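**Q** Below is the file entry21.tsv, which contains TSV, C-alpha atoms.
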```tsv
chain	number	residue	atom	x	y	z
V	28	MET	CA	7.91	-22.57	-22.23
V	29	THR	CA	11.01	-23.88	-20.43
V	30	PRO	CA	12.44	-22.09	-17.36
V	31	GLU	CA	15.56	-21.25	-19.40
V	32	ARG	CA	13.48	-19.55	-22.10
V	33	MET	CA	11.58	-17.63	-19.44
V	34	ALA	CA	14.88	-16.65	-17.81
V	35	GLN	CA	16.02	-15.32	-21.20
V	36	LEU	CA	12.84	-13.25	-21.40
V	37	VAL	CA	13.52	-11.79	-17.95
V	38	ALA	CA	17.15	-11.11	-18.90
V	39	ARG	CA	15.96	-9.21	-21.99
V	40	TRP	CA	13.61	-7.20	-19.83
V	41	VAL	CA	16.44	-6.34	-17.43
V	42	ARG	CA	18.64	-5.25	-20.34
V	43	LEU	CA	15.79	-3.07	-21.61
V	44	TYR	CA	15.16	-1.18	-18.39
V	45	THR	CA	18.86	-0.78	-17.61
V	46	ARG	CA	19.59	0.69	-21.07
V	47	LYS	CA	21.52	3.97	-21.01
V	48	LEU	CA	22.07	3.81	-17.26
V	49	PRO	CA	25.68	4.17	-16.07
V	50	THR	CA	27.46	0.92	-17.02
V	51	PRO	CA	28.45	-0.25	-13.50
V	52	ILE	CA	24.87	0.15	-12.23
V	53	ALA	CA	23.37	-1.58	-15.28
V	54	ARG	CA	25.99	-4.35	-15.29
V	55	ARG	CA	25.47	-5.10	-11.62
V	56	ARG	CA	21.68	-5.41	-11.98
V	57	VAL	CA	21.98	-7.62	-15.08
V	58	ASP	CA	24.52	-9.96	-13.43
V	59	GLU	CA	22.62	-10.10	-10.17
V	60	ILE	CA	19.35	-11.10	-11.83
V	61	ASP	CA	21.22	-13.66	-13.99
V	62	ALA	CA	22.58	-15.29	-10.81
V	63	ASP	CA	19.15	-15.17	-9.17
V	64	LEU	CA	17.47	-16.85	-12.16
V	65	HIS	CA	20.14	-19.54	-12.27
V	66	ASP	CA	19.78	-20.18	-8.53
V	67	GLN	CA	15.99	-20.32	-8.72
V	68	ILE	CA	15.93	-22.82	-11.58
V	69	ALA	CA	18.56	-25.04	-9.90
V	70	HIS	CA	16.81	-24.88	-6.51
V	71	GLU	CA	13.31	-25.57	-7.84
V	72	ARG	CA	14.49	-28.44	-10.06
V	73	ALA	CA	16.37	-30.00	-7.13
V	74	HIS	CA	13.09	-29.92	-5.22
V	75	GLY	CA	11.19	-31.65	-8.03
V	76	THR	CA	9.16	-28.65	-9.20
V	77	SER	CA	7.88	-29.04	-12.77
V	78	ASP	CA	9.47	-26.93	-15.51
V	79	ARG	CA	6.11	-25.34	-16.28
V	80	ARG	CA	5.68	-24.24	-12.69
V	81	ILE	CA	9.22	-22.85	-12.49
V	82	ALA	CA	8.67	-20.88	-15.71
V	83	LEU	CA	5.41	-19.50	-14.35
V	84	SER	CA	7.05	-18.52	-11.07
V	85	ILE	CA	9.85	-16.68	-12.93
V	86	LEU	CA	7.32	-14.84	-15.08
V	87	SER	CA	5.26	-13.97	-12.03
V	88	ARG	CA	8.34	-12.56	-10.24
V	89	MET	CA	9.17	-10.44	-13.27
V	90	VAL	CA	5.64	-9.05	-13.64
V	91	ARG	CA	5.28	-8.31	-9.91
V	92	GLY	CA	8.57	-6.43	-9.94
V	93	ILE	CA	7.90	-4.26	-13.01
V	94	ALA	CA	6.69	-1.21	-11.04
V	95	ALA	CA	9.75	-1.39	-8.76
V	96	ASP	CA	12.02	-1.82	-11.81
V	97	ALA	CA	10.58	1.34	-13.37
V	98	SER	CA	10.93	3.27	-10.13
V	99	TRP	CA	14.50	2.02	-9.61
V	100	ARG	CA	15.40	3.07	-13.15
V	101	GLY	CA	13.87	6.50	-12.55
V	102	GLU	CA	15.98	6.98	-9.42
V	103	HIS	CA	19.21	6.01	-11.17
V	104	ALA	CA	18.41	8.04	-14.29
V	105	ASP	CA	17.79	11.05	-12.02
V	106	ALA	CA	21.07	10.49	-10.21
V	107	ASN	CA	23.08	10.98	-13.41
V	108	PRO	CA	25.06	14.16	-12.68
V	109	SER	CA	25.98	14.88	-16.30
V	110	THR	CA	22.51	16.16	-17.33
V	111	PRO	CA	21.96	19.52	-15.70
V	112	GLU	CA	20.66	21.51	-18.68
V	113	LYS	CA	17.04	21.95	-19.52
V	114	THR	CA	17.25	20.30	-22.94
V	115	MET	CA	18.84	17.26	-21.45
V	116	LYS	CA	16.23	17.25	-18.70
V	117	ASN	CA	13.46	17.32	-21.30
V	118	GLN	CA	15.11	14.48	-23.18
V	119	ARG	CA	15.33	12.53	-19.97
V	120	THR	CA	11.67	13.18	-19.21
V	121	ALA	CA	10.73	12.03	-22.72
V	122	SER	CA	12.93	8.98	-22.35
V	123	ARG	CA	11.35	8.17	-18.99
V	124	SER	CA	7.88	8.56	-20.48
V	125	THR	CA	8.82	6.23	-23.33
V	126	VAL	CA	10.16	3.68	-20.87
V	127	GLY	CA	6.94	4.05	-18.87
V	128	ILE	CA	4.86	3.42	-21.99
V	129	VAL	CA	6.94	0.38	-22.93
V	130	LEU	CA	6.71	-0.91	-19.35
V	131	GLY	CA	2.94	-0.45	-19.36
V	132	ALA	CA	2.65	-2.26	-22.70
V	133	ALA	CA	4.92	-5.05	-21.45
V	134	PHE	CA	2.78	-5.42	-18.35
V	135	ILE	CA	-0.42	-5.67	-20.37
V	136	LEU	CA	1.19	-8.15	-22.79
V	137	ALA	CA	2.40	-10.26	-19.86
V	138	LEU	CA	-1.24	-11.01	-19.01
V	139	PRO	CA	-2.01	-13.07	-22.16
V	140	LEU	CA	1.45	-14.63	-21.84
V	141	LEU	CA	0.59	-15.66	-18.29
V	142	ALA	CA	-2.82	-16.90	-19.42
V	143	MET	CA	-1.16	-19.05	-22.13
V	144	LEU	CA	0.82	-20.84	-19.43
V	145	ILE	CA	-2.28	-21.56	-17.40
V	146	THR	CA	-4.88	-22.40	-20.04
V	147	ASP	CA	-4.98	-23.58	-23.64
V	148	ASP	CA	-7.94	-21.28	-24.38
V	149	VAL	CA	-5.55	-18.38	-24.96
V	150	ALA	CA	-3.22	-19.01	-27.90
V	151	TRP	CA	-1.40	-15.88	-29.06
V	152	GLY	CA	1.26	-16.18	-31.76
V	153	PRO	CA	4.38	-13.98	-31.98
V	154	LEU	CA	2.57	-11.80	-34.55
V	155	ASP	CA	-0.29	-11.18	-32.11
V	156	PHE	CA	2.18	-9.95	-29.49
V	157	VAL	CA	3.96	-7.73	-32.04
V	158	LEU	CA	0.65	-6.26	-33.25
V	159	ALA	CA	-0.73	-5.68	-29.76
V	160	GLY	CA	2.60	-4.26	-28.57
V	161	SER	CA	2.83	-1.86	-31.52
V	162	LEU	CA	-0.75	-0.77	-30.96
V	163	LEU	CA	-0.27	-0.12	-27.23
V	164	VAL	CA	3.07	1.66	-27.65
V	165	GLY	CA	1.72	3.69	-30.62
V	166	ILE	CA	-1.35	4.83	-28.69
V	167	GLY	CA	0.78	5.57	-25.61
V	168	LEU	CA	3.24	7.70	-27.57
V	169	ALA	CA	0.40	9.52	-29.36
V	170	TYR	CA	-1.09	10.40	-25.97
V	171	GLU	CA	2.29	11.47	-24.63
V	172	VAL	CA	2.89	13.87	-27.52
V	173	ALA	CA	-0.65	15.28	-27.35
V	174	ALA	CA	-0.59	15.62	-23.55
V	175	ARG	CA	2.78	17.40	-23.60
V	176	ASN	CA	1.47	19.98	-26.07
V	177	ALA	CA	-1.93	20.33	-24.39
V	178	GLY	CA	-2.92	23.64	-22.91
V	179	ASN	CA	-5.38	22.33	-20.32
V	180	THR	CA	-6.68	19.26	-18.54
V	181	ALA	CA	-9.87	19.00	-20.60
V	182	TYR	CA	-7.78	18.64	-23.77
V	183	ARG	CA	-5.61	15.93	-22.18
V	184	VAL	CA	-8.65	13.95	-21.00
V	185	ALA	CA	-10.31	14.37	-24.41
V	186	VAL	CA	-7.22	12.93	-26.11
V	187	ALA	CA	-7.11	10.04	-23.62
V	188	VAL	CA	-10.79	9.19	-24.20
V	189	ALA	CA	-10.46	9.38	-28.00
V	190	LEU	CA	-7.35	7.19	-28.03
V	191	ALA	CA	-8.88	4.69	-25.59
V	192	ALA	CA	-11.95	4.42	-27.85
V	193	ALA	CA	-9.74	3.93	-30.93
V	194	LEU	CA	-7.66	1.30	-29.10
V	195	LEU	CA	-10.80	-0.56	-27.98
V	196	LEU	CA	-12.23	-0.43	-31.49
V	197	VAL	CA	-9.08	-1.84	-33.09
V	198	TRP	CA	-8.66	-4.46	-30.36
V	199	ALA	CA	-12.30	-5.57	-30.63
V	200	ASN	CA	-11.96	-5.91	-34.39
V	201	LEU	CA	-8.69	-7.82	-34.24
V	202	SER	CA	-9.82	-10.24	-31.55
V	203	LEU	CA	-13.48	-11.19	-32.10
V	204	GLY	CA	-14.98	-8.61	-34.43
V	205	VAL	CA	-17.84	-6.24	-33.69
V	206	ILE	CA	-20.33	-7.21	-36.39
V	207	GLY	CA	-21.35	-10.76	-37.25
V	208	ASP	CA	-19.00	-13.72	-36.87
V	209	THR	CA	-15.22	-13.35	-36.37
V	210	GLY	CA	-13.63	-12.13	-39.62
V	211	ASP	CA	-16.86	-10.72	-41.07
V	212	PRO	CA	-15.85	-8.27	-43.87
V	213	ALA	CA	-18.42	-5.80	-42.48
V	214	ASP	CA	-15.92	-5.03	-39.71
V	215	LEU	CA	-13.72	-3.37	-42.35
V	216	MET	CA	-16.15	-0.43	-42.20
V	217	TYR	CA	-14.50	0.50	-38.89
V	218	VAL	CA	-11.27	1.20	-40.77
V	219	GLY	CA	-13.25	3.99	-42.43
V	220	VAL	CA	-14.40	5.24	-39.02
V	221	LEU	CA	-10.80	5.56	-37.82
V	222	VAL	CA	-9.68	7.15	-41.10
V	223	ILE	CA	-12.39	9.80	-40.70
V	224	GLY	CA	-11.13	10.54	-37.17
V	225	ILE	CA	-7.49	10.76	-38.28
V	226	ILE	CA	-8.20	12.94	-41.34
V	227	GLY	CA	-10.47	15.17	-39.21
V	228	ALA	CA	-7.71	15.62	-36.60
V	229	VAL	CA	-5.14	16.48	-39.29
V	230	ILE	CA	-7.47	19.01	-40.96
V	231	ALA	CA	-8.18	20.54	-37.51
V	232	ARG	CA	-4.39	20.68	-36.88
V	233	PHE	CA	-5.24	19.22	-33.46
V	234	ARG	CA	-6.87	22.49	-32.37
V	235	PRO	CA	-9.65	21.78	-29.82
V	236	GLN	CA	-12.58	23.29	-31.75
V	237	GLY	CA	-11.69	21.32	-34.88
V	238	MET	CA	-10.98	18.18	-32.85
V	239	ALA	CA	-14.49	18.40	-31.37
V	240	ARG	CA	-15.92	18.40	-34.89
V	241	ALA	CA	-13.62	15.54	-35.97
V	242	LEU	CA	-14.74	13.40	-33.02
V	243	LEU	CA	-18.42	14.15	-33.69
V	244	ALA	CA	-17.88	13.07	-37.31
V	245	THR	CA	-16.24	9.87	-36.02
V	246	ALA	CA	-19.23	9.21	-33.75
V	247	LEU	CA	-21.61	9.78	-36.68
V	248	ALA	CA	-19.59	7.41	-38.86
V	249	THR	CA	-19.81	4.74	-36.15
V	250	ALA	CA	-23.58	5.21	-35.97
V	251	LEU	CA	-23.74	4.89	-39.76
V	252	VAL	CA	-21.82	1.59	-39.58
V	253	ALA	CA	-24.37	0.24	-37.08
V	254	VAL	CA	-27.28	1.31	-39.32
V	255	ILE	CA	-25.67	-0.28	-42.41
V	256	ALA	CA	-25.01	-3.49	-40.45
V	257	LEU	CA	-28.67	-3.69	-39.42
V	258	ILE	CA	-29.93	-2.92	-42.94
V	259	ALA	CA	-27.60	-5.64	-44.29
V	260	GLY	CA	-29.18	-8.10	-41.86
V	261	LYS	CA	-26.03	-8.73	-39.83
V	262	HIS	CA	-28.20	-9.03	-36.71
V	263	GLU	CA	-29.45	-12.35	-38.08
V	264	ALA	CA	-26.03	-13.93	-37.52
V	265	PRO	CA	-26.10	-16.30	-34.49
V	266	ILE	CA	-23.70	-14.29	-32.32
V	267	SER	CA	-24.63	-10.76	-33.42
V	268	SER	CA	-28.10	-9.72	-32.29
V	269	VAL	CA	-29.67	-6.27	-32.79
V	270	TRP	CA	-28.88	-5.41	-29.17
V	271	GLU	CA	-25.27	-6.51	-29.48
V	272	ILE	CA	-24.74	-4.39	-32.59
V	273	LEU	CA	-26.49	-1.39	-31.02
V	274	GLY	CA	-24.82	-1.89	-27.61
V	275	LEU	CA	-21.24	-2.27	-28.86
V	276	ASN	CA	-21.52	0.60	-31.33
V	277	GLY	CA	-23.32	2.65	-28.68
V	278	ILE	CA	-20.27	2.33	-26.40
V	279	PHE	CA	-17.93	3.63	-29.11
V	280	ILE	CA	-20.35	6.42	-30.08
V	281	ALA	CA	-20.62	7.47	-26.41
V	282	LEU	CA	-16.83	7.57	-26.06
V	283	PHE	CA	-16.35	9.61	-29.26
V	284	VAL	CA	-19.12	12.03	-28.25
V	285	ALA	CA	-17.64	12.37	-24.74
V	286	SER	CA	-14.28	13.17	-26.28
V	287	ALA	CA	-15.88	15.73	-28.62
V	288	LEU	CA	-17.58	17.45	-25.66
V	289	LEU	CA	-14.29	17.56	-23.76
V	290	PHE	CA	-12.53	19.11	-26.76
V	291	ARG	CA	-15.33	21.68	-26.92
V	292	ARG	CA	-14.80	22.48	-23.25
V	293	ALA	CA	-11.04	22.74	-23.86
V	294	ALA	CA	-11.76	25.24	-26.68
V	295	LEU	CA	-13.94	27.35	-24.37
V	296	GLN	CA	-11.27	27.39	-21.65
V	297	ARG	CA	-8.65	28.83	-24.02
L	23	MET	CA	4.11	-0.66	-2.65
L	24	PRO	CA	3.55	1.51	0.45
L	25	ARG	CA	4.87	5.06	0.40
L	26	ARG	CA	7.97	5.78	2.46
L	27	LYS	CA	7.80	8.31	5.28
L	28	PRO	CA	11.13	10.14	5.49
L	29	GLY	CA	13.52	8.43	7.89
L	30	THR	CA	11.57	5.18	8.14
L	31	LEU	CA	11.87	1.76	6.57
L	32	LEU	CA	9.30	-0.03	4.44
L	33	PRO	CA	7.93	-3.33	5.81
L	34	LEU	CA	9.86	-5.32	3.18
L	35	GLU	CA	13.12	-3.61	4.16
L	36	THR	CA	12.47	-4.34	7.83
L	37	GLU	CA	11.75	-7.95	6.94
L	38	ILE	CA	15.04	-8.22	5.05
L	39	LEU	CA	16.99	-6.74	7.96
L	40	GLY	CA	15.27	-9.08	10.42
L	41	LEU	CA	16.11	-12.11	8.30
L	42	ALA	CA	19.68	-10.93	7.81
L	43	LEU	CA	20.05	-10.61	11.58
L	44	SER	CA	18.59	-14.10	12.17
L	45	MET	CA	21.03	-15.52	9.61
L	46	LEU	CA	23.92	-13.66	11.22
L	47	ARG	CA	23.01	-15.06	14.64
L	48	SER	CA	22.89	-18.57	13.19
L	49	GLY	CA	26.42	-18.12	11.82
L	50	GLN	CA	25.60	-17.14	8.23
L	51	ALA	CA	27.08	-13.69	7.80
L	52	THR	CA	26.37	-13.26	4.08
L	53	PHE	CA	23.34	-13.93	1.93
L	54	HIS	CA	22.39	-13.54	-1.74
L	55	GLY	CA	19.26	-12.40	-3.57
L	56	PHE	CA	17.59	-15.70	-4.38
L	57	GLY	CA	18.55	-17.22	-1.01
L	58	LEU	CA	16.91	-14.27	0.70
L	59	ALA	CA	13.76	-14.54	-1.43
L	60	GLN	CA	13.60	-18.24	-0.60
L	61	SER	CA	14.02	-17.61	3.16
L	62	MET	CA	11.32	-14.94	3.04
L	63	ARG	CA	8.97	-17.35	1.29
L	64	GLU	CA	9.61	-20.02	3.92
L	65	GLN	CA	9.22	-17.58	6.79
L	66	THR	CA	5.95	-16.08	5.60
L	67	GLY	CA	4.56	-19.37	4.28
L	68	SER	CA	3.84	-17.64	0.98
L	69	ARG	CA	3.56	-19.65	-2.24
L	70	SER	CA	5.40	-17.09	-4.33
L	71	LEU	CA	8.86	-15.54	-4.23
L	72	THR	CA	9.29	-11.78	-3.99
L	73	GLY	CA	9.37	-10.09	-7.41
L	74	HIS	CA	12.84	-9.44	-8.82
L	75	GLY	CA	12.38	-5.68	-9.05
L	76	THR	CA	10.86	-5.39	-5.58
L	77	LEU	CA	13.60	-7.45	-3.93
L	78	TYR	CA	16.62	-5.87	-5.59
L	79	LYS	CA	15.27	-2.35	-5.24
L	80	ALA	CA	14.84	-2.93	-1.50
L	81	LEU	CA	18.38	-4.34	-1.22
L	82	SER	CA	19.72	-1.39	-3.17
L	83	ARG	CA	17.95	1.06	-0.81
L	84	LEU	CA	19.27	-0.70	2.28
L	85	GLU	CA	22.77	-0.38	0.87
L	86	GLU	CA	22.23	3.32	0.20
L	87	PHE	CA	21.19	3.71	3.86
L	88	ASP	CA	24.44	1.93	4.91
L	89	LEU	CA	22.44	-0.83	6.58
L	90	LEU	CA	23.81	-3.47	4.21
L	91	THR	CA	27.05	-3.82	2.34
L	92	SER	CA	27.70	-6.06	-0.66
L	93	ARG	CA	30.45	-7.59	-2.80
L	94	TRP	CA	30.70	-10.08	-5.64
L	95	GLU	CA	31.34	-13.71	-4.77
L	96	ASP	CA	34.79	-15.08	-5.66
L	97	ALA	CA	34.93	-16.71	-9.09
L	98	GLU	CA	36.31	-19.98	-7.60
L	99	ALA	CA	33.46	-20.22	-5.13
L	100	ALA	CA	30.94	-19.81	-7.96
L	101	GLU	CA	32.09	-23.11	-9.55
L	102	GLY	CA	30.95	-22.21	-13.05
L	103	ARG	CA	27.55	-20.72	-12.22
L	104	PRO	CA	26.90	-16.95	-12.41
L	105	ARG	CA	28.59	-15.16	-9.50
L	106	ARG	CA	26.25	-14.08	-6.72
L	107	ARG	CA	26.20	-10.67	-5.11
L	108	LEU	CA	26.74	-11.32	-1.40
L	109	TYR	CA	25.10	-9.01	1.13
L	110	GLU	CA	26.07	-8.49	4.74
L	111	LEU	CA	24.56	-6.50	7.62
L	112	THR	CA	26.59	-3.48	8.70
L	113	ALA	CA	26.89	-2.63	12.42
L	114	GLN	CA	24.27	0.08	11.93
L	115	GLY	CA	22.09	-2.40	10.01
L	116	ALA	CA	22.29	-4.86	12.90
L	117	ARG	CA	21.22	-2.15	15.36
L	118	VAL	CA	18.26	-1.15	13.18
L	119	ALA	CA	17.33	-4.81	12.69
L	120	GLU	CA	17.36	-5.41	16.47
L	121	HIS	CA	15.15	-2.37	16.95
L	122	ALA	CA	12.82	-3.63	14.20
L	123	LEU	CA	12.59	-7.11	15.73
L	124	ALA	CA	11.86	-5.61	19.16
L	125	HIS	CA	9.19	-3.45	17.55
L	126	ASP	CA	7.64	-6.50	15.87
L	127	ALA	CA	7.68	-8.44	19.14
L	128	GLU	CA	5.88	-5.58	20.88
L	129	GLN	CA	3.33	-5.42	18.10
L	130	ALA	CA	2.75	-9.15	18.44
L	131	THR	CA	2.12	-8.97	22.19
L	132	GLY	CA	-0.33	-6.08	22.05
L	133	PRO	CA	-1.16	-2.67	20.61
L	134	SER	CA	1.76	-0.28	20.67
L	135	ARG	CA	2.18	3.42	20.09
L	136	ARG	CA	5.80	3.07	19.16
L	137	PRO	CA	6.58	4.41	15.69
L	138	ALA	CA	7.73	2.27	12.75
L	139	PRO	CA	11.45	1.33	12.67
L	140	LYS	CA	13.72	4.27	11.88
L	141	LEU	CA	16.97	4.32	9.99
L	142	ALA	CA	19.13	5.38	12.93
```
Re-express the file's structure as structure tokens.
**A**
Amino acid sequence: MTPERMAQLVARWVRLYTRKLPTPIARRRVDEIDADLHDQIAHERAHGTSDRRIALSILSRMVRGIAADASWRGEHADANPSTPEKTMKNQRTASRSTVGIVLGAAFILALPLLAMLITDDVAWGPLDFVLAGSLLVGIGLAYEVAARNAGNTAYRVAVAVALAAALLLVWANLSLGVIGDTGDPADLMYVGVLVIGIIGAVIARFRPQGMARALLATALATALVAVIALIAGKHEAPISSVWEILGLNGIFIALFVASALLFRRAALQR
Amino acid sequence: MPRRKPGTLLPLETEILGLALSMLRSGQATFHGFGLAQSMREQTGSRSLTGHGTLYKALSRLEEFDLLTSRWEDAEAAEGRPRRRLYELTAQGARVAEHALAHDAEQATGPSRRPAPKLA
């Protein structure tokens, strides 16, 4: 990636986190970073730095500044005097949470992007970034909604554990696969596992007692997948031993069961 | 990033003020974001430049504390490149920077019980 392309990426990021801020504040930040990027590229090139290294340095500066960007945005969003009412305050909180989720997702996605600049072993396409970004933002928003409506801490932690397990399961399937070689159709059984969890949650109307049962059903479905994989002889594949199938599925089962127990505790606390 | 105690400056802010004072003493009254990041890299011997967000948030805070003031560079001076935001130490900023440099010098010569640099 050229330094100019990387500078465009940073400029997009700046436009994203300055969105809906008062125009003079947003405009100043955008223009100031534009000048900085231009100066950095010109300075580094004049000193004979390679384009790849300049691009990496720009990316690194952006990633290291993300937390400060989010905090700066929060301060300026808070300083807006035209939002005194509670509804507006709630909207602002929701907007800040959404920005936080997007920032978190951007930070996580910057890691493979950074890795692609350093090594050829990581080769993500635009579709991979879109998929991973949608997944991270989707899971983040789902947690945000659930946490906001939660009555107690146990429920919030239960939701976090369940969503983390679902995210790990999807990510593992999309990247390398859990059973057999990469792309083994047996991995499609995990779609069923997630569908059971989602249908269970909907039937339970997200009430803790019902959620506990839905998560237990999800754990049982995961165990069933492992048993079917072993019966089908998937452990005979070169990279998928009995222990790998049992170990990986065991992790997901443990997470789903932990979430179920937390939902049960949340139900008892109500 | 370290948490701010009320009425005190963060190490990065102190570093910026110290550099601004050094530049002022060497006849350079104004400085811009990238130039500052570059000077900080040279001074600390670091391989990387300060992150955009970290740097500009610190500059913004120093302006809020009236320790720095800023204005846009003239369009003619920019000669076709994006205009830079030029920062300058205020009188209060220079006083705080002197105090910070004295504090750093004391720290370098031995243990000190003096508190971290304050805003005023």
**Q** May I ask you to extract the residues of chain L within 8 Å of chain V, using all atoms listed in the file, and to give them as a ChimeraX atom specification?
**A** /L:55-56,70-77,79,103-107
**Q** Mind listing whatever residues come within 7 Å of the point (14.6, 0.7, 1.7)? Use all atoms listed in the file, file coordinates, and give them as a ChimeraX atom specification.
**A** /L:31-32,35,80-81,83-84
**Q** Mind dumping the selected residues with C-alpha atoms as a PDB file, in the coordinates of the input?
**A**
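Written output follows (again_3.pdb):
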```
ATOM      1  CA  LEU L  31      11.870   1.760   6.570  1.00  0.00           C
ATOM      2  CA  LEU L  32       9.300  -0.030   4.440  1.00  0.00           C
ATOM      3  CA  GLU L  35      13.120  -3.610   4.160  1.00  0.00           C
ATOM      4  CA  ALA L  80      14.840  -2.930  -1.500  1.00  0.00           C
ATOM      5  CA  LEU L  81      18.380  -4.340  -1.220  1.00  0.00           C
ATOM      6  CA  ARG L  83      17.950   1.060  -0.810  1.00  0.00           C
ATOM      7  CA  LEU L  84      19.270  -0.700   2.280  1.00  0.00           C
TER       8      LEU L  84
END
```
**Q** Could you tell me how far atom CA of V:Gly152 lies from atom CA of V:Leu130, in Å and to one decimal?
**A**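 Pair atom CA of V:Gly152 / atom CA of V:Leu130 returns 20.4 Å.
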**Q** As an exercise, work out the distance from atom CA of V:His103 to atom CA of V:Ala132 in Å and give it to one decimal place.
**A**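 Computed distance, atom CA of V:His103 to atom CA of V:Ala132, equals 21.8 Å.
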**Q** Taking 5 positions as the minimum chain separation for residues in the same chain, which residues sit within 6 Å of stretch 178-188 of chain V when counting only C-alpha atoms? Answer as an NGL selection string.
**A** :V and (286 or 289-290 or 293)
**Q** Figure out the distance between atom CA of L:His54 and atom CA of L:Arg93, please, to one decimal in Å.
**A**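 According to the coordinates, atom CA of L:Arg93 and atom CA of L:His54 are separated by 10.1 Å.
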**Q** Could you check the closest approach to V:Ile128 for each of V:Pro153, V:Gly160, V:Gly101, V:Gly277 and tell me which residue wins, using all atoms listed in the file?
**A**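 Using all atoms listed in the file, V:Ile128 sits closest to V:Gly160.
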**Q** Could you tell me, as a list of chain:residue names, which residues have any atom at most 8 Å from (25.6, -4.1, -2.1), counting only C-alpha atoms?
**A** L:Leu81, L:Ser82, L:Glu85, L:Leu90, L:Thr91, L:Ser92, L:Arg93, L:Arg107, L:Leu108, L:Tyr109
**Q** Tell me which protein, DNA and RNA residues are within 9 Å of L:Glu120, counting all atoms listed in the file, leaving out same-chain ones fewer than 3 positions away, and put them as an mmCIF file with C-alpha atoms, in the frame of the given file.
**A**
```
data_model
loop_
_atom_site.group_PDB
_atom_site.id
_atom_site.type_symbol
_atom_site.label_atom_id
_atom_site.label_comp_id
_atom_site.auth_asym_id
_atom_site.auth_seq_id
_atom_site.Cartn_x
_atom_site.Cartn_y
_atom_site.Cartn_z
ATOM 1 C CA LEU L 39 16.990 -6.740 7.960
ATOM 2 C CA GLY L 40 15.270 -9.080 10.420
ATOM 3 C CA LEU L 43 20.050 -10.610 11.580
ATOM 4 C CA GLY L 115 22.090 -2.400 10.010
ATOM 5 C CA ALA L 116 22.290 -4.860 12.900
ATOM 6 C CA ARG L 117 21.220 -2.150 15.360
ATOM 7 C CA LEU L 123 12.590 -7.110 15.730
ATOM 8 C CA ALA L 124 11.860 -5.610 19.160
ATOM 9 C CA HIS L 125 9.190 -3.450 17.550
#
```
